[in-house]
Structure formats: C-alpha cells, structure tokens
$ cat protein39.cif   # mmCIF, C-alpha atoms
data_final
#
loop_
_atom_site.label_atom_id
_atom_site.label_comp_id
_atom_site.auth_asym_id
_atom_site.auth_seq_id
_atom_site.Cartn_x
_atom_site.Cartn_y
_atom_site.Cartn_z
CA MET U 1 0.00 0.00 0.00
CA GLY U 2 1.48 3.29 -1.13
CA ILE U 3 1.33 6.67 0.56
CA PHE U 4 -1.63 7.81 -1.58
CA ASP U 5 -3.57 4.63 -0.79
CA ARG U 6 -3.01 5.17 2.95
CA ARG U 7 -4.11 8.79 2.65
CA ARG U 8 -7.23 7.81 0.71
CA GLU U 9 -8.07 5.16 3.36
CA ARG U 10 -7.54 7.67 6.20
CA ASP U 11 -9.79 10.21 4.43
CA LYS U 12 -12.50 7.56 4.06
CA GLU U 13 -12.28 6.72 7.78
CA LYS U 14 -12.59 10.42 8.62
CA SER U 15 -15.57 10.98 6.36
CA ASP U 16 -17.33 7.96 7.91
CA SER U 17 -16.99 9.40 11.44
CA PRO U 18 -20.04 10.89 13.24
CA LEU U 19 -18.50 14.37 13.07
CA TRP U 20 -18.59 14.19 9.27
CA GLN U 21 -21.80 12.17 8.96
CA GLN U 22 -23.82 14.67 11.02
CA ALA U 23 -22.59 17.71 9.09
CA TYR U 24 -24.74 19.31 6.40
CA MET U 25 -23.59 18.57 2.86
CA PRO U 26 -25.03 21.28 0.61
CA ALA U 27 -26.21 20.55 -2.89
CA TYR U 28 -25.83 23.36 -5.36
CA SER U 29 -28.46 25.52 -7.00
CA PHE U 30 -27.85 27.58 -10.10
CA ILE U 31 -27.96 31.34 -9.66
CA THR U 32 -26.73 34.36 -11.55
CA ASN U 33 -23.79 35.67 -9.54
CA SER U 34 -22.96 39.32 -8.89
CA LYS U 35 -21.03 39.44 -12.21
CA GLY U 36 -24.09 38.26 -14.15
CA GLU U 37 -22.63 34.79 -14.80
CA PRO U 38 -24.46 31.52 -14.15
CA ALA U 39 -22.92 29.95 -11.06
CA ALA U 40 -23.41 26.90 -8.88
CA ALA U 41 -24.20 28.23 -5.41
CA PHE U 42 -23.63 26.40 -2.12
CA ALA U 43 -25.23 27.45 1.17
CA LEU U 44 -23.43 28.36 4.39
CA ASN U 45 -26.05 28.32 7.15
CA GLU U 46 -25.77 29.93 10.57
CA GLY U 47 -25.33 27.41 13.39
CA ILE U 48 -24.82 24.31 11.23
CA SER U 49 -21.58 22.39 10.69
CA THR U 50 -21.08 22.03 6.94
CA ARG U 51 -19.00 19.96 4.52
CA PHE U 52 -17.64 21.87 1.53
CA LEU U 53 -15.82 20.58 -1.52
CA LYS U 54 -12.38 22.16 -1.81
CA LYS U 55 -12.51 22.07 -5.62
CA PRO U 56 -16.13 21.82 -6.74
CA GLY U 57 -15.13 22.18 -10.40
CA GLU U 58 -13.74 18.64 -10.26
CA PHE U 59 -17.19 17.30 -9.35
CA TYR U 60 -19.54 19.75 -11.09
CA GLU U 61 -18.57 20.30 -14.70
CA GLU U 62 -21.70 22.27 -15.67
CA THR U 63 -20.09 25.60 -14.79
CA ASP U 64 -16.76 27.23 -14.00
CA HIS U 65 -18.30 29.72 -11.57
CA PHE U 66 -19.13 28.90 -7.95
CA ALA U 67 -20.66 31.03 -5.22
CA LEU U 68 -21.20 30.77 -1.48
CA ILE U 69 -24.62 31.92 -0.29
CA VAL U 70 -24.65 32.98 3.37
CA ILE U 71 -27.92 32.31 5.21
CA SER U 72 -28.86 33.61 8.65
CA SER U 73 -31.33 31.79 10.87
CA THR U 74 -31.35 34.89 13.10
CA ASP U 75 -32.60 37.12 10.26
CA LYS U 76 -34.34 34.20 8.48
CA LYS U 77 -32.95 35.24 5.11
CA ILE U 78 -29.96 35.25 2.78
CA ILE U 79 -27.56 37.90 4.06
CA GLY U 80 -24.97 37.77 1.32
CA GLU U 81 -23.06 36.07 -1.46
CA LEU U 82 -19.37 35.75 -2.22
CA ASP U 83 -17.05 33.96 -4.59
CA TYR U 84 -16.66 30.32 -3.51
CA ASP U 85 -12.84 30.24 -3.58
CA ARG U 86 -12.61 33.47 -1.58
CA GLY U 87 -15.09 32.08 0.95
CA MET U 88 -13.22 28.78 1.29
CA LYS U 89 -9.96 30.60 2.05
CA TYR U 90 -11.66 32.54 4.80
CA LEU U 91 -13.50 29.48 6.18
CA GLU U 92 -10.18 27.70 6.74
CA LYS U 93 -9.95 29.40 10.14
CA PHE U 94 -13.26 27.78 11.16
CA LYS U 95 -12.39 24.24 10.06
CA LEU U 96 -13.04 21.28 12.30
CA ASP U 97 -11.34 18.81 9.99
CA GLU U 98 -10.46 18.21 6.36
CA THR U 99 -9.82 15.47 3.85
CA ARG U 100 -8.16 15.68 0.47
CA ASP U 101 -11.46 16.71 -1.16
CA GLU U 102 -13.49 18.36 1.60
CA LEU U 103 -13.38 20.97 4.34
CA LEU U 104 -15.55 20.49 7.44
CA VAL U 105 -16.55 23.86 8.92
CA ARG U 106 -17.86 24.23 12.47
CA PRO U 107 -21.20 25.94 13.12
CA LEU U 108 -20.80 29.70 12.75
CA THR U 109 -22.48 32.47 14.70
CA TYR U 110 -24.24 35.42 13.10
CA ALA U 111 -21.22 37.64 13.83
CA GLU U 112 -18.88 35.10 12.19
CA LEU U 113 -21.11 34.97 9.10
CA GLN U 114 -20.78 38.74 8.87
CA GLU U 115 -16.96 38.35 9.10
CA VAL U 116 -17.03 35.83 6.25
CA LEU U 117 -18.94 38.27 4.07
CA LYS U 118 -16.45 41.05 4.81
CA GLY U 119 -13.44 38.73 4.46
#
$ encode --input "protein39.cif" --output "structure tokens"
Amino acid sequence: MGIFDRRRERDKEKSDSPLWQQAYMPAYSFITNSKGEPAAAFALNEGISTRFLKKPGEFYEETDHFALIVISSTDKKIIGELDYDRGMKYLEKFKLDETRDELLVRPLTYAELQEVLKG
C-alpha cells in the first residue's frame, strides 16, 4: 500500500466518522452571480456544521463559476453572497477537519457569518 492509498483510506475513515456524517452537505443551486454569470451556489447556514468541496469544479462540470450563499437563521434570510474560492480561504480558520477533497466547517455564529462576508 502506497502513501496515496493510505491517505485515501484515512480520508475515508474520517468521512465515515459521526463528526462528518452529522454535518450538512449542501447541494448546489444555479444562480446568476454578482457578475451576471451563471454559477453553482452552495449554502453556508448559521449554526450548522457544513461539509464543503475544496474544488467543486472537479465534481460539477456544468459551470466554471461557484458562489457561497450565506444564510442567517437569526434574520431568516440570505444575508450575502461571495465567490466560492474566496469564501473557502476565509472558512479555513473555522475548520473542524479536512480530507483531500473536503473541508468540514464548524457551526458559525451570526457575527462570524458577517466576518465571512467582509473577508
């Protein structure tokens, strides 16, 4: 078993753990992003741990544009949108765990969601 096989096996064990299994795994919806381009949008919800693909373009070939939609349960509405890659870089500081393909983000507060939008 090579190093990549061991890494793949370790990632599978992680993703089968309760921490990963109980996290929300968002499906995408198509939107028109702030630049007027069709984009696959993934939701970041307040108070919910979430699994995000690090490189969604490898899994979703329908578009080259990806967005992160930020949803507040406090305000009960969408509070913003940002470029997916920019959002993922900022969400690194909130990670609980990661595998080769995914980032597991802890539940965020309303104030932290606002930080993400400003980030």
$ closest_residue --input "protein39.cif" --among "U:Phe42, U:Tyr110, U:Phe66, U:Tyr24" --to "U:Asp83" --atoms "only C-alpha atoms"
U:Phe66
$ residues_around --input "protein39.cif" --residues "U:Gly47" --least-positions-apart "3" --cutoff "10 Å" --atoms "all atoms listed in the file" --output "list in words"
Leu44, Thr50, Ile71, Ser72, Ser73, Thr74, Arg106, Pro107, Leu108, Thr109, Tyr110 and Leu113 of chain U
$ resolve_selection --input "protein39.cif" --expression "the PyMOL selection byres ((chain U and resi 100-102) around 8)" --output "VMD selection string"
chain U and resid 8 11 51 to 55 98 to 99 103 to 104
$ closest_residue --input "protein39.cif" --among "U:Ile31, U:Leu96, U:Met88, U:Ile79" --to "U:Ala111" --atoms "all atoms listed in the file"
U:Ile79
$ resolve_selection --input "protein39.cif" --expression "the PyMOL selection byres ((chain U and resi 33) around 9)" --output "count of residues only"
16
$ closest_residue --input "protein39.cif" --among "U:Glu115, U:Tyr28, U:Asp97, U:Asp16" --to "U:Phe59" --atoms "all atoms listed in the file"
U:Tyr28
$ atom_distance --input "protein39.cif" --atom1 "atom CA of U:Asp75" --atom2 "atom CA of U:Lys95"
24.0 Å
$ atom_distance --input "protein39.cif" --atom1 "atom CA of U:Val70" --atom2 "atom CA of U:Leu117"
7.8 Å
$ atom_distance --input "protein39.cif" --atom1 "atom CA of U:Glu62" --atom2 "atom CA of U:Gln22"
27.8 Å
$ closest_residue --input "protein39.cif" --among "U:Glu92, U:Ser49, U:Lys118, U:Pro56" --to "U:Trp20" --atoms "all atoms listed in the file"
U:Ser49
$ closest_residue --input "protein39.cif" --among "U:Gln21, U:Phe30, U:Tyr90, U:Ile78" --to "U:Gly119" --atoms "all atoms listed in the file"
U:Tyr90
$ build_atoms --input "protein39.cif" --residues "stretch 34-62 of chain U" --atoms "N, CA and C atoms" --output "short mmCIF file (atom, residue, chain, number, x, y, z; two decimals), in the coordinates of the input"
data_model
loop_
_atom_site.label_atom_id
_atom_site.label_comp_id
_atom_site.auth_asym_id
_atom_site.auth_seq_id
_atom_site.Cartn_x
_atom_site.Cartn_y
_atom_site.Cartn_z
N SER U 34 -23.02 37.85 -8.86
CA SER U 34 -22.96 39.32 -8.89
C SER U 34 -22.34 39.86 -10.19
N LYS U 35 -21.63 39.02 -10.95
CA LYS U 35 -21.03 39.44 -12.21
C LYS U 35 -21.95 39.13 -13.40
N GLY U 36 -23.15 38.59 -13.10
CA GLY U 36 -24.09 38.26 -14.15
C GLY U 36 -23.84 36.92 -14.81
N GLU U 37 -22.96 36.10 -14.24
CA GLU U 37 -22.63 34.79 -14.80
C GLU U 37 -23.44 33.70 -14.10
N PRO U 38 -23.82 32.65 -14.84
CA PRO U 38 -24.46 31.52 -14.15
C PRO U 38 -23.43 30.85 -13.25
N ALA U 39 -23.84 30.54 -12.03
CA ALA U 39 -22.92 29.95 -11.06
C ALA U 39 -23.64 28.90 -10.23
N ALA U 40 -22.90 27.89 -9.82
CA ALA U 40 -23.41 26.90 -8.88
C ALA U 40 -23.20 27.49 -7.48
N ALA U 41 -24.27 27.60 -6.72
CA ALA U 41 -24.20 28.23 -5.41
C ALA U 41 -24.39 27.19 -4.30
N PHE U 42 -23.56 27.28 -3.28
CA PHE U 42 -23.63 26.40 -2.12
C PHE U 42 -23.95 27.24 -0.89
N ALA U 43 -24.77 26.70 0.01
CA ALA U 43 -25.23 27.45 1.17
C ALA U 43 -24.33 27.25 2.39
N LEU U 44 -24.08 28.35 3.08
CA LEU U 44 -23.43 28.36 4.39
C LEU U 44 -24.49 28.87 5.36
N ASN U 45 -24.98 27.99 6.23
CA ASN U 45 -26.05 28.32 7.15
C ASN U 45 -25.52 28.62 8.55
N GLU U 46 -26.10 29.59 9.19
CA GLU U 46 -25.77 29.93 10.57
C GLU U 46 -26.07 28.75 11.49
N GLY U 47 -25.11 28.42 12.36
CA GLY U 47 -25.33 27.41 13.39
C GLY U 47 -25.31 25.96 12.96
N ILE U 48 -24.83 25.68 11.74
CA ILE U 48 -24.82 24.31 11.23
C ILE U 48 -23.42 23.95 10.73
N SER U 49 -22.87 22.83 11.23
CA SER U 49 -21.58 22.39 10.69
C SER U 49 -21.82 21.91 9.25
N THR U 50 -20.88 22.24 8.38
CA THR U 50 -21.08 22.03 6.94
C THR U 50 -19.84 21.45 6.28
N ARG U 51 -20.07 20.54 5.34
CA ARG U 51 -19.00 19.96 4.52
C ARG U 51 -18.97 20.70 3.18
N PHE U 52 -17.80 21.19 2.81
CA PHE U 52 -17.64 21.87 1.53
C PHE U 52 -16.58 21.18 0.69
N LEU U 53 -16.82 21.08 -0.60
CA LEU U 53 -15.82 20.58 -1.52
C LEU U 53 -14.73 21.63 -1.66
N LYS U 54 -13.47 21.21 -1.64
CA LYS U 54 -12.38 22.16 -1.81
C LYS U 54 -12.30 22.63 -3.26
N LYS U 55 -12.57 21.74 -4.20
CA LYS U 55 -12.51 22.07 -5.62
C LYS U 55 -13.78 21.57 -6.30
N PRO U 56 -14.86 22.32 -6.19
CA PRO U 56 -16.13 21.82 -6.74
C PRO U 56 -16.11 21.62 -8.25
N GLY U 57 -15.24 22.33 -8.95
CA GLY U 57 -15.13 22.18 -10.40
C GLY U 57 -14.75 20.78 -10.84
N GLU U 58 -14.10 20.01 -9.94
CA GLU U 58 -13.74 18.64 -10.26
C GLU U 58 -14.95 17.72 -10.21
N PHE U 59 -16.00 18.13 -9.53
CA PHE U 59 -17.19 17.30 -9.35
C PHE U 59 -18.39 17.82 -10.13
N TYR U 60 -18.44 19.12 -10.37
CA TYR U 60 -19.54 19.75 -11.09
C TYR U 60 -18.97 20.43 -12.32
N GLU U 61 -19.16 19.80 -13.47
CA GLU U 61 -18.57 20.30 -14.70
C GLU U 61 -19.50 21.24 -15.48
N GLU U 62 -20.72 21.46 -14.96
CA GLU U 62 -21.70 22.27 -15.67
C GLU U 62 -21.32 23.74 -15.75
#
